[in-house]
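> Below is the file my_file_11.cif, which contains mmCIF, C-alpha atoms and all ligand atoms.
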data_input
#
loop_
_atom_site.label_atom_id
_atom_site.label_comp_id
_atom_site.auth_asym_id
_atom_site.auth_seq_id
_atom_site.Cartn_x
_atom_site.Cartn_y
_atom_site.Cartn_z
CA MET A 17 51.26 68.01 -121.47
CA THR A 18 49.38 66.89 -124.60
CA LEU A 19 50.36 63.44 -125.79
CA SER A 20 50.94 63.01 -129.52
CA VAL A 21 49.00 60.32 -131.42
CA ASN A 22 52.22 58.33 -131.57
CA ASP A 23 52.60 58.49 -127.76
CA ARG A 24 48.97 57.45 -127.26
CA ILE A 25 49.34 54.50 -129.61
CA GLN A 26 52.49 53.37 -127.81
CA LEU A 27 50.76 53.65 -124.43
CA THR A 28 47.39 52.12 -125.38
CA PRO A 29 47.80 49.96 -128.52
CA ALA A 30 44.59 48.06 -127.67
CA LYS A 31 42.57 51.27 -128.20
CA THR A 32 43.73 51.72 -131.81
CA CYS A 33 42.04 50.45 -134.97
CA SER A 34 45.09 48.22 -135.52
CA PRO A 35 47.36 47.43 -132.55
CA SER A 36 50.15 46.73 -135.07
CA LEU A 37 50.49 50.52 -135.45
CA ALA A 38 52.44 50.49 -132.18
CA ALA A 39 55.27 48.83 -134.10
CA ASP A 40 57.68 51.09 -135.96
CA PRO A 41 57.05 51.30 -139.73
CA TRP A 42 60.11 49.22 -140.60
CA LYS A 43 58.67 46.38 -138.53
CA PHE A 44 55.07 46.95 -139.56
CA ASP A 45 55.70 46.61 -143.31
CA PRO A 46 58.61 44.24 -143.86
CA VAL A 47 57.80 43.55 -147.53
CA PRO A 48 60.24 45.51 -149.67
CA GLY A 49 58.68 47.55 -152.41
CA TYR A 50 56.58 50.54 -153.23
CA GLY A 51 53.60 51.19 -151.01
CA PRO A 52 50.01 51.26 -152.19
CA GLY A 53 49.14 54.12 -154.51
CA SER A 54 52.29 53.88 -156.61
CA SER A 55 51.91 54.71 -160.24
CA GLN A 56 52.46 51.71 -162.44
CA ALA A 57 54.48 53.87 -164.76
CA ASP A 58 56.71 55.29 -162.05
CA PRO A 59 60.18 53.71 -162.01
CA VAL A 60 61.42 52.53 -158.63
CA PRO A 61 63.96 55.13 -157.55
CA GLU A 62 67.59 54.16 -157.20
CA PRO A 63 69.01 53.83 -154.66
CA ALA A 64 65.68 52.63 -153.30
CA VAL A 65 65.69 51.87 -149.62
CA HIS A 66 62.65 49.93 -148.57
CA PRO A 67 61.14 49.37 -145.15
CA GLY A 68 63.46 47.15 -143.22
CA GLN A 69 66.47 48.63 -144.96
CA LEU A 70 66.57 51.96 -143.20
CA PRO A 71 70.06 52.08 -141.65
CA ALA A 72 69.90 50.46 -138.22
CA ALA A 73 71.31 53.57 -136.56
CA TYR A 74 68.15 55.52 -137.45
CA ARG A 75 65.86 52.74 -136.31
CA GLN A 76 67.49 52.69 -132.90
CA MET A 77 67.97 56.42 -132.43
CA PRO A 78 66.00 58.05 -129.58
CA GLU A 79 63.38 60.60 -130.67
CA ASP A 80 65.28 63.58 -129.25
CA GLU A 81 68.40 62.63 -131.21
CA LEU A 82 66.33 62.29 -134.42
CA HIS A 83 64.83 65.70 -133.72
CA ARG A 84 68.27 67.22 -133.19
CA ARG A 85 69.63 65.69 -136.42
CA ILE A 86 66.67 66.94 -138.44
CA LEU A 87 67.18 70.48 -137.13
CA ALA A 88 70.92 70.34 -137.84
CA ALA A 89 70.41 69.05 -141.40
CA LYS A 90 67.74 71.67 -142.10
CA ALA A 91 70.07 74.42 -140.89
CA GLN A 92 72.84 73.13 -143.12
CA LEU A 93 70.66 72.76 -146.23
CA GLY A 94 69.00 76.18 -145.79
CA ASP A 95 66.99 77.43 -148.78
CA GLU A 96 68.05 74.44 -150.88
CA LEU A 97 65.48 72.41 -148.97
CA VAL A 98 61.75 72.68 -148.44
CA ILE A 99 59.81 70.19 -146.31
CA LEU A 100 56.11 69.85 -147.15
CA GLY A 101 53.80 68.16 -144.67
CA HIS A 102 50.20 66.99 -144.95
CA PHE A 103 47.85 67.69 -142.03
CA TYR A 104 47.62 63.94 -141.33
CA GLN A 105 51.31 63.57 -140.57
CA ARG A 106 52.29 62.76 -137.01
CA ASP A 107 53.27 65.70 -134.79
CA GLU A 108 56.85 64.46 -134.56
CA VAL A 109 57.13 65.13 -138.31
CA VAL A 110 54.80 68.14 -138.64
CA GLN A 111 56.99 70.21 -136.31
CA HIS A 112 59.70 70.13 -138.99
CA ALA A 113 57.52 71.01 -142.00
CA ASP A 114 58.11 74.40 -143.65
CA PHE A 115 54.65 74.20 -145.13
CA LEU A 116 51.63 72.32 -143.78
CA GLY A 117 48.50 71.93 -145.90
CA ASP A 118 45.80 69.91 -147.60
CA SER A 119 46.59 68.12 -150.83
CA PHE A 120 45.64 71.09 -153.06
CA GLN A 121 47.70 73.54 -151.02
CA LEU A 122 50.67 71.19 -151.04
CA ALA A 123 50.43 70.78 -154.83
CA LYS A 124 50.67 74.56 -155.13
CA ALA A 125 53.38 74.78 -152.47
CA ALA A 126 55.56 72.62 -154.69
CA LEU A 127 55.39 75.47 -157.24
CA SER A 128 56.03 78.23 -154.75
CA ARG A 129 59.67 77.50 -153.82
CA PRO A 130 61.58 77.33 -157.12
CA GLU A 131 64.86 78.04 -155.29
CA ALA A 132 64.59 74.80 -153.31
CA ARG A 133 66.59 72.07 -155.01
CA SER A 134 65.06 69.35 -152.83
CA ILE A 135 61.40 68.99 -151.91
CA VAL A 136 61.03 66.48 -149.08
CA PHE A 137 57.40 65.42 -149.11
CA CYS A 138 56.02 64.22 -145.79
CA GLY A 139 52.80 62.84 -147.17
CA VAL A 140 51.92 59.93 -149.42
CA HIS A 141 53.10 58.73 -152.78
CA PHE A 142 50.49 60.35 -155.04
CA MET A 143 51.25 63.73 -153.44
CA ALA A 144 54.98 63.34 -154.09
CA GLU A 145 54.28 62.34 -157.70
CA THR A 146 52.14 65.44 -158.16
CA ALA A 147 54.90 67.61 -156.72
CA ASP A 148 57.37 66.06 -159.15
CA ILE A 149 55.04 66.72 -162.11
CA LEU A 150 54.42 70.35 -161.11
CA SER A 151 57.91 71.28 -159.92
CA ARG A 152 60.77 72.50 -162.08
CA GLY A 153 62.96 69.98 -163.86
CA ASP A 154 65.98 70.78 -161.69
CA GLN A 155 64.08 70.12 -158.48
CA ARG A 156 63.89 66.67 -156.93
CA VAL A 157 61.07 65.32 -154.83
CA ILE A 158 61.87 62.88 -152.04
CA LEU A 159 59.39 60.65 -150.23
CA PRO A 160 61.07 59.66 -146.94
CA ASN A 161 59.44 56.20 -146.89
CA LEU A 162 58.49 54.61 -150.22
CA ALA A 163 55.84 52.49 -148.50
CA ALA A 164 53.77 55.60 -147.75
CA GLY A 165 51.05 55.12 -150.34
CA CYS A 166 47.27 55.47 -150.21
CA SER A 167 45.05 52.40 -150.11
CA MET A 168 42.25 54.33 -151.82
CA ALA A 169 44.51 55.36 -154.70
CA ASP A 170 45.28 51.67 -155.16
CA MET A 171 41.58 50.86 -155.73
CA ALA A 172 41.72 52.25 -159.27
CA ASP A 173 44.59 50.93 -161.36
CA GLU A 174 45.36 52.01 -164.87
CA ASP A 175 44.34 48.73 -166.56
CA SER A 176 40.92 48.60 -164.86
CA VAL A 177 40.20 52.22 -165.73
CA GLU A 178 41.27 51.68 -169.36
CA SER A 179 38.96 48.69 -169.74
CA ALA A 180 36.10 50.49 -167.99
CA TRP A 181 36.61 53.39 -170.39
CA GLU A 182 36.38 51.06 -173.40
CA GLU A 183 33.14 49.50 -172.15
CA ILE A 184 31.63 52.89 -171.31
CA CYS A 185 32.59 54.43 -174.65
CA GLU A 186 31.07 51.49 -176.50
CA VAL A 187 27.73 52.11 -174.76
CA TYR A 188 27.89 55.78 -175.80
CA GLY A 189 28.96 54.90 -179.33
CA ALA A 190 32.29 56.75 -178.93
CA ASP A 191 35.84 55.85 -179.95
CA PRO A 192 37.65 55.29 -176.61
CA GLN A 193 40.89 56.68 -178.04
CA ASN A 194 39.25 59.79 -179.43
CA VAL A 195 35.95 60.72 -177.80
CA ARG A 196 34.41 63.52 -179.89
CA PRO A 197 31.76 66.07 -178.89
CA GLY A 198 28.23 65.50 -180.22
CA ALA A 199 26.08 67.99 -182.20
CA ASP A 200 25.47 70.00 -178.99
CA GLY A 201 29.24 70.46 -178.54
CA LYS A 202 29.40 68.22 -175.48
CA LEU A 203 31.35 65.02 -174.96
CA PRO A 204 29.31 61.95 -173.99
CA VAL A 205 31.66 61.33 -171.04
CA LEU A 206 34.79 62.79 -169.47
CA PRO A 207 37.10 61.32 -166.77
CA VAL A 208 37.70 63.07 -163.45
CA THR A 209 40.28 61.67 -161.07
CA TYR A 210 40.61 62.55 -157.43
CA MET A 211 44.11 63.73 -156.56
CA ASN A 212 44.39 60.47 -154.57
CA SER A 213 45.35 58.45 -157.64
CA SER A 214 48.49 57.42 -159.46
CA ALA A 215 50.21 59.72 -161.95
CA ALA A 216 49.23 57.17 -164.62
CA LEU A 217 45.54 57.91 -163.98
CA LYS A 218 46.12 61.65 -164.01
CA ALA A 219 47.79 61.11 -167.38
CA PHE A 220 44.75 59.10 -168.51
CA CYS A 221 42.56 62.10 -167.67
CA GLY A 222 44.92 64.46 -169.47
CA ARG A 223 44.73 62.32 -172.63
CA HIS A 224 40.94 62.03 -172.58
CA GLY A 225 39.88 65.65 -172.02
CA GLY A 226 39.61 65.08 -168.27
CA ILE A 227 40.77 66.79 -165.12
CA VAL A 228 41.98 66.24 -161.54
CA CYS A 229 40.15 67.39 -158.40
CA THR A 230 40.85 67.52 -154.69
CA SER A 231 38.41 67.56 -151.81
CA SER A 232 38.71 71.36 -151.69
CA ASN A 233 37.72 72.00 -155.31
CA ALA A 234 35.61 69.00 -156.37
CA GLU A 235 32.49 71.10 -156.99
CA ALA A 236 34.29 73.66 -159.19
CA VAL A 237 35.91 70.80 -161.11
CA LEU A 238 32.58 69.01 -161.64
CA GLU A 239 31.08 72.28 -162.90
CA TRP A 240 33.98 72.52 -165.34
CA ALA A 241 33.33 68.93 -166.41
CA PHE A 242 29.56 69.37 -166.87
CA GLU A 243 30.16 72.40 -169.09
CA ARG A 244 32.03 70.07 -171.43
CA ALA A 245 30.38 66.68 -171.06
CA HIS A 246 27.05 65.01 -170.35
CA ARG A 247 28.59 62.56 -167.93
CA VAL A 248 31.60 62.06 -165.73
CA LEU A 249 33.52 58.91 -164.84
CA PHE A 250 34.74 59.75 -161.32
CA PHE A 251 37.50 57.71 -159.64
CA PRO A 252 38.64 56.35 -157.26
CA ASP A 253 36.54 57.75 -154.35
CA GLN A 254 32.84 57.06 -154.71
CA HIS A 255 32.05 59.07 -151.57
CA LEU A 256 33.68 62.34 -152.64
CA GLY A 257 32.03 61.95 -156.06
CA ARG A 258 28.58 61.22 -154.62
CA ASN A 259 28.69 63.88 -151.89
CA THR A 260 29.83 66.55 -154.33
CA ALA A 261 27.43 65.70 -157.17
CA LYS A 262 24.51 65.38 -154.74
CA ALA A 263 25.24 68.85 -153.34
CA MET A 264 25.10 70.11 -156.94
CA GLY A 265 21.65 68.59 -157.42
CA VAL A 266 22.48 65.42 -159.33
CA PRO A 267 19.87 62.77 -158.35
CA LEU A 268 21.26 59.63 -156.72
CA GLU A 269 19.68 57.40 -159.37
CA GLN A 270 21.89 59.14 -161.93
CA MET A 271 25.03 58.17 -160.02
CA PRO A 272 25.50 54.43 -160.47
CA ILE A 273 28.49 52.66 -158.95
CA TRP A 274 31.03 51.28 -161.39
CA ASN A 275 32.31 47.98 -160.03
CA PRO A 276 35.39 47.12 -162.12
CA ARG A 277 34.93 43.39 -161.47
CA ARG A 278 31.52 43.21 -163.15
CA PRO A 279 30.44 43.57 -166.79
CA LEU A 280 29.31 47.14 -167.50
CA GLY A 281 30.43 47.88 -163.95
CA GLY A 282 27.34 46.03 -162.68
CA ASN A 283 24.92 48.30 -164.59
CA THR A 284 22.49 47.98 -167.45
CA GLU A 285 23.09 49.95 -170.66
CA GLN A 286 20.02 52.01 -169.81
CA GLN A 287 21.47 52.99 -166.42
CA LEU A 288 24.68 54.08 -168.11
CA VAL A 289 22.79 56.13 -170.68
CA GLU A 290 20.82 57.89 -167.94
CA ALA A 291 23.87 58.37 -165.68
CA ARG A 292 25.43 61.77 -164.96
CA VAL A 293 28.22 60.53 -162.69
CA LEU A 294 29.68 57.03 -162.80
CA LEU A 295 31.20 56.44 -159.37
CA TRP A 296 34.19 54.14 -159.17
CA HIS A 297 33.93 51.55 -156.41
CA GLY A 298 36.66 53.07 -154.18
CA PHE A 299 36.75 54.42 -150.65
CA CYS A 300 39.07 55.54 -147.86
CA SER A 301 39.35 53.01 -145.07
CA VAL A 302 39.88 55.77 -142.47
CA HIS A 303 36.83 57.85 -143.46
CA ARG A 304 34.60 54.84 -144.04
CA ARG A 305 34.71 54.20 -140.30
CA PHE A 306 32.60 57.26 -139.48
CA THR A 307 28.90 56.59 -138.87
CA VAL A 308 25.65 58.44 -138.27
CA ALA A 309 25.42 56.64 -134.90
CA GLN A 310 28.68 58.34 -133.83
CA ILE A 311 27.19 61.73 -134.78
CA ASP A 312 23.99 60.93 -132.86
CA GLN A 313 26.03 59.98 -129.83
CA ALA A 314 28.14 63.17 -130.02
CA ARG A 315 24.97 65.28 -130.20
CA ALA A 316 23.39 63.37 -127.29
CA GLU A 317 26.47 63.77 -125.11
CA HIS A 318 27.16 67.38 -126.12
CA PRO A 319 23.84 69.09 -126.91
CA GLY A 320 24.50 72.00 -129.27
CA CYS A 321 27.81 70.60 -130.52
CA ARG A 322 28.71 71.11 -134.17
CA VAL A 323 29.90 68.32 -136.44
CA ILE A 324 32.22 68.66 -139.43
CA VAL A 325 33.43 65.74 -141.54
CA HIS A 326 35.66 65.16 -144.54
CA PRO A 327 33.77 64.52 -147.84
CA GLU A 328 35.45 61.10 -148.12
CA CYS A 329 32.92 60.00 -145.46
CA PRO A 330 29.85 58.08 -146.63
CA MET A 331 26.89 60.22 -147.76
CA PRO A 332 24.62 59.59 -144.71
CA VAL A 333 27.45 60.83 -142.48
CA VAL A 334 27.99 63.97 -144.56
CA ASP A 335 24.21 64.56 -144.59
CA ALA A 336 23.98 64.20 -140.80
CA ALA A 337 26.93 66.57 -140.19
CA ASP A 338 26.65 70.36 -140.01
CA ALA A 339 29.43 70.81 -142.54
CA ALA A 340 31.85 68.89 -144.73
CA GLY A 341 35.15 70.00 -146.19
CA SER A 342 38.78 69.31 -146.97
CA THR A 343 41.35 69.06 -144.23
CA ASP A 344 42.07 72.78 -144.57
CA ALA A 345 38.34 73.60 -144.54
CA ILE A 346 38.07 71.64 -141.27
CA ARG A 347 41.00 73.61 -139.84
CA LYS A 348 39.35 76.90 -140.85
CA TYR A 349 35.98 75.81 -139.40
CA VAL A 350 37.61 75.25 -136.04
CA ALA A 351 39.59 78.50 -136.29
CA ALA A 352 36.33 80.40 -136.90
CA SER A 353 34.60 78.87 -133.85
CA SER A 354 34.34 80.60 -130.47
CA PRO A 355 35.79 79.69 -127.08
CA GLY A 356 33.53 77.27 -125.23
CA GLU A 357 32.17 75.62 -128.38
CA VAL A 358 32.11 71.86 -128.83
CA ILE A 359 33.15 70.51 -132.25
CA ALA A 360 33.09 66.84 -133.23
CA ILE A 361 35.23 66.02 -136.27
CA GLY A 362 35.13 63.14 -138.73
CA THR A 363 38.63 62.93 -140.14
CA GLU A 364 42.06 61.52 -139.41
CA ILE A 365 43.11 61.61 -135.76
CA ASN A 366 46.43 63.46 -136.07
CA LEU A 367 44.67 66.52 -137.47
CA VAL A 368 41.84 66.35 -134.92
CA ASN A 369 44.19 66.05 -131.96
CA ARG A 370 46.38 68.86 -133.24
CA LEU A 371 43.35 71.15 -133.51
CA ALA A 372 42.26 70.13 -129.99
CA ALA A 373 45.72 71.05 -128.66
CA GLU A 374 45.76 74.32 -130.60
CA TYR A 375 42.37 75.41 -129.22
CA PRO A 376 42.33 74.27 -125.57
CA ASP A 377 39.45 76.69 -124.79
CA ARG A 378 37.12 74.59 -126.99
CA THR A 379 36.10 70.93 -126.77
CA ILE A 380 37.30 69.26 -129.95
CA PHE A 381 37.18 65.52 -130.43
CA CYS A 382 37.15 62.82 -133.10
CA LEU A 383 33.83 61.09 -133.84
CA ASP A 384 35.62 57.74 -133.99
CA PRO A 385 36.20 56.52 -130.42
CA VAL A 386 39.12 54.38 -131.59
CA ILE A 387 42.52 55.94 -132.39
CA CYS A 388 42.78 55.42 -136.14
CA PRO A 389 45.54 57.25 -137.99
CA CYS A 390 45.95 56.88 -141.72
CA SER A 391 48.36 53.95 -141.52
CA THR A 392 50.19 54.92 -144.71
CA MET A 393 50.70 58.59 -143.77
CA TYR A 394 51.94 57.21 -140.47
CA ARG A 395 54.81 55.45 -142.19
CA ILE A 396 56.68 58.74 -142.41
CA HIS A 397 58.45 58.24 -139.11
CA PRO A 398 61.00 60.88 -137.97
CA GLY A 399 63.68 58.19 -138.44
CA TYR A 400 63.06 58.27 -142.22
CA LEU A 401 62.99 62.05 -142.26
CA ALA A 402 66.29 62.33 -140.37
CA TRP A 403 67.88 59.76 -142.67
CA VAL A 404 66.86 61.42 -145.97
CA LEU A 405 67.98 64.83 -144.69
CA ASP A 406 71.36 63.48 -143.57
CA GLU A 407 71.73 61.87 -147.00
CA LEU A 408 70.98 65.20 -148.70
CA VAL A 409 73.65 66.88 -146.57
CA GLU A 410 76.07 64.22 -147.84
CA GLY A 411 75.09 65.03 -151.45
CA ARG A 412 72.96 61.93 -152.03
CA ALA A 413 69.23 61.91 -152.83
CA PRO A 414 67.50 58.69 -151.76
CA ASN A 415 63.87 57.78 -152.50
CA GLN A 416 63.51 60.31 -155.27
CA ILE A 417 60.08 60.17 -156.91
CA THR A 418 60.45 60.60 -160.66
CA VAL A 419 57.47 60.41 -162.96
CA ASN A 420 58.70 59.73 -166.49
CA ALA A 421 57.95 62.32 -169.16
CA GLU A 422 55.53 60.07 -171.07
CA VAL A 423 53.25 60.03 -168.02
CA ALA A 424 54.15 63.41 -166.53
CA GLU A 425 53.21 65.44 -169.62
CA PRO A 426 49.57 64.34 -169.98
CA ALA A 427 49.22 64.22 -166.16
CA ARG A 428 50.33 67.85 -166.06
CA VAL A 429 47.64 68.73 -168.62
CA ALA A 430 44.96 67.38 -166.25
CA LEU A 431 46.56 69.11 -163.23
CA ASP A 432 46.86 72.42 -165.10
CA ARG A 433 43.17 72.20 -166.01
CA MET A 434 42.42 71.85 -162.30
CA LEU A 435 44.65 74.80 -161.39
CA ALA A 436 42.97 76.93 -164.05
CA ALA A 437 39.45 75.79 -163.12
CA VAL A 438 39.69 76.77 -159.46
CA PRO A 439 40.66 80.06 -157.82
CA LYS A 440 44.43 80.29 -157.20
P1 LIG B 501 42.72 66.78 -148.37
O1 LIG B 501 42.87 67.18 -149.79
O2 LIG B 501 41.47 67.27 -147.74
O3 LIG B 501 43.95 67.15 -147.60
O4 LIG B 501 42.57 65.21 -148.31
C1 LIG B 501 43.58 64.33 -148.64
C2 LIG B 501 43.28 63.00 -148.13
O5 LIG B 501 43.95 62.05 -148.45
C3 LIG B 501 42.15 62.84 -147.24
O6 LIG B 501 42.06 61.51 -146.85
FE1 LIG B 502 44.44 57.69 -148.58
FE2 LIG B 502 42.50 57.64 -146.72
FE3 LIG B 502 45.06 57.94 -145.99
FE4 LIG B 502 43.75 59.93 -147.24
S1 LIG B 502 43.32 59.09 -145.21
S2 LIG B 502 45.84 59.21 -147.70
S3 LIG B 502 42.46 58.73 -148.67
S4 LIG B 502 44.14 56.12 -147.03
#
Take the structure in the file and give it back as structure tokens.

Amino acid sequence: MTLSVNDRIQLTPAKTCSPSLAADPWKFDPVPGYGPGSSQADPVPEPAVHPGQLPAAYRQMPEDELHRRILAAKAQLGDELVILGHFYQRDEVVQHADFLGDSFQLAKAALSRPEARSIVFCGVHFMAETADILSRGDQRVILPNLAAGCSMADMADEDSVESAWEEICEVYGADPQNVRPGADGKLPVLPVTYMNSSAALKAFCGRHGGIVCTSSNAEAVLEWAFERAHRVLFFPDQHLGRNTAKAMGVPLEQMPIWNPRRPLGGNTEQQLVEARVLLWHGFCSVHRRFTVAQIDQARAEHPGCRVIVHPECPMPVVDAADAAGSTDAIRKYVAASSPGEVIAIGTEINLVNRLAAEYPDRTIFCLDPVICPCSTMYRIHPGYLAWVLDELVEGRAPNQITVNAEVAEPARVALDRMLAAVPK
């Protein structure tokens, strides 16, 4: 029998990146409130139930009883309900998802079930916000645990991006509230936000001629941006920005880091003038753990093995790998491999272990020797899922993610540009 990541963590907490993961989410994060990655403009839903306030019955319920309740509630809600799950969710949750995907696929999935009154999003906060922005007004999006945010999304907040924008525009002689194209028809700079950002930052991009990207379409989005602007301010993930722009031929010296704590982001005016991509100083703490040494070791232990990593990994890791791609691209890479092949993967452990279980005739393993799930994705425990579904059956909708119209409208502009810029 294959053990789930949750089972492994419970059995061997010392082998995880943080032994505290063995605790249930309501113990792990006792501070009430939104998790990281919440939009500053997003009102706290009412009734908001925070970690620690999940009804005790659900905290104490055995896993098989939670499973049974989830199935019963799904059967009762029928087509009124759709459960979306990201590939990084734990198996105990994934088995209940109607649709499993990467963040781009899940954004589109939110559009594909207009008959579903409730979209229960088993993912993180920025994904639920995006679903709310793209879904119909009579649909409601529910995030089972409000503390499921994204620490990378939190690295770029609206105020820091606004002040960076003002400084940057001043260097380029542009009005930050109304950047105009020059004589060649191109803007001096345009903002691009990774999907892993608050709705407020997507709205910022919508207002300033910018666009959203995901790891599956970053190159197409940057092409779109370079058709319209000389430069791009890319946030929050420096690694996705650098890996993508480098693959498109942008020299590294034209990709300075923007450190929001330093004047001019830590650059000279000259560097900013020569820049093509300004990379926000953000990163994913899961993908930052992958190293070239791990790849070397995998190749030494498994001569002929292939290595694929997520583009949130640092550039030397992406360069040393055979391929890089979104979570769905990784899934497809494995699906296209042949029995007997060895594939080392640099991404979150739940996805890697699921692929290993799905393809037992291949050797599939994670480059990171330590069990390291995305701790915020991991906060969607089946207890939260069972609870929100039972509440929906009772006619209540807890933890609804509602992006107010002032933010949602410009954010939708930036998301629609992405949807139009990349193949459907
Ligand atoms: P994908 O778009 O590849 O699913 O990535 C989302 C994410 O958060 C990766 O860390
Ligand atoms: Fe955010 Fe990293 Fe988790 Fe993805 S894996 S949701 S980028 S913290």
> Find the distance between CA of Met77 in chain A and atom FE2 of ligand LIG 502 (chain B) and write it in Å to one decimal.
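Here the two named atoms are 29.2 Å from each other.
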> Find the smallest box with edges along x, y and z containing every listed atom of ligand LIG 501 (chain B), then add 4 Å on each side and report centre and edge lengths in Å to one decimal, as AutoDock Vina command-line options.

--center_x 42.7 --center_y 64.4 --center_z -148.3 --size_x 10.5 --size_y 13.8 --size_z 10.9
> Hey, what's within 7 Å of range 308-316 of chain A if we count all atoms listed in the file and toss same-chain stuff fewer than 4 positions away? As an MDAnalysis selection string, please?
chainID A and resid 320:321 332:333 336 360 383:384
> Could you please extract the residues within 6 Å of ligand LIG 502 (chain B), counting only C-alpha atoms and all ligand atoms, and hand them back as an mmCIF file with C-alpha atoms, keeping the file's coordinate frame?

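See pocket_30.cif below for the written result:
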data_model
loop_
_atom_site.group_PDB
_atom_site.id
_atom_site.type_symbol
_atom_site.label_atom_id
_atom_site.label_comp_id
_atom_site.auth_asym_id
_atom_site.auth_seq_id
_atom_site.Cartn_x
_atom_site.Cartn_y
_atom_site.Cartn_z
ATOM 1 C CA CYS A 166 47.270 55.470 -150.210
ATOM 2 C CA SER A 167 45.050 52.400 -150.110
ATOM 3 C CA MET A 168 42.250 54.330 -151.820
ATOM 4 C CA CYS A 300 39.070 55.540 -147.860
ATOM 5 C CA SER A 301 39.350 53.010 -145.070
ATOM 6 C CA VAL A 302 39.880 55.770 -142.470
ATOM 7 C CA CYS A 390 45.950 56.880 -141.720
#
> What do you get as a PyMOL selection string if you pick all residues at most 7 Å from ligand LIG 501 (chain B), counting all atoms listed in the file?
chain A and resi 102-103+117-120+212+230-232+300+326+328+342-344
> Could you write out that same residue set with C-alpha atoms as a tab-separated table (two decimals), in the frame of the given file?

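Once everything was written out, this is out-v1.tsv:
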chain	number	residue	atom	x	y	z
A	102	HIS	CA	50.20	66.99	-144.95
A	103	PHE	CA	47.85	67.69	-142.03
A	117	GLY	CA	48.50	71.93	-145.90
A	118	ASP	CA	45.80	69.91	-147.60
A	119	SER	CA	46.59	68.12	-150.83
A	120	PHE	CA	45.64	71.09	-153.06
A	212	ASN	CA	44.39	60.47	-154.57
A	230	THR	CA	40.85	67.52	-154.69
A	231	SER	CA	38.41	67.56	-151.81
A	232	SER	CA	38.71	71.36	-151.69
A	300	CYS	CA	39.07	55.54	-147.86
A	326	HIS	CA	35.66	65.16	-144.54
A	328	GLU	CA	35.45	61.10	-148.12
A	342	SER	CA	38.78	69.31	-146.97
A	343	THR	CA	41.35	69.06	-144.23
A	344	ASP	CA	42.07	72.78	-144.57
> Using all atoms listed in the file for the distances, tell me which of A:Leu87, A:Ile273, A:Cys382, A:Val237 is nearest to His303 in chain A.
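So, comparing all the options, the nearest one is A:Cys382.
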> Using all atoms listed in the file, which residue out of A:Ala352, A:Val187, A:Leu238, A:Ala339 lies closest to Pro204 in chain A?
A:Val187
> Which residues are close to range 53-68 of chain A, i.e. within 6 Å by all atoms listed in the file, leaving aside same-chain residues fewer than 5 positions away? Reply as a PyMOL selection string.
chain A and resi 42+46+48+165-166+169-170+214-216+414-416+419
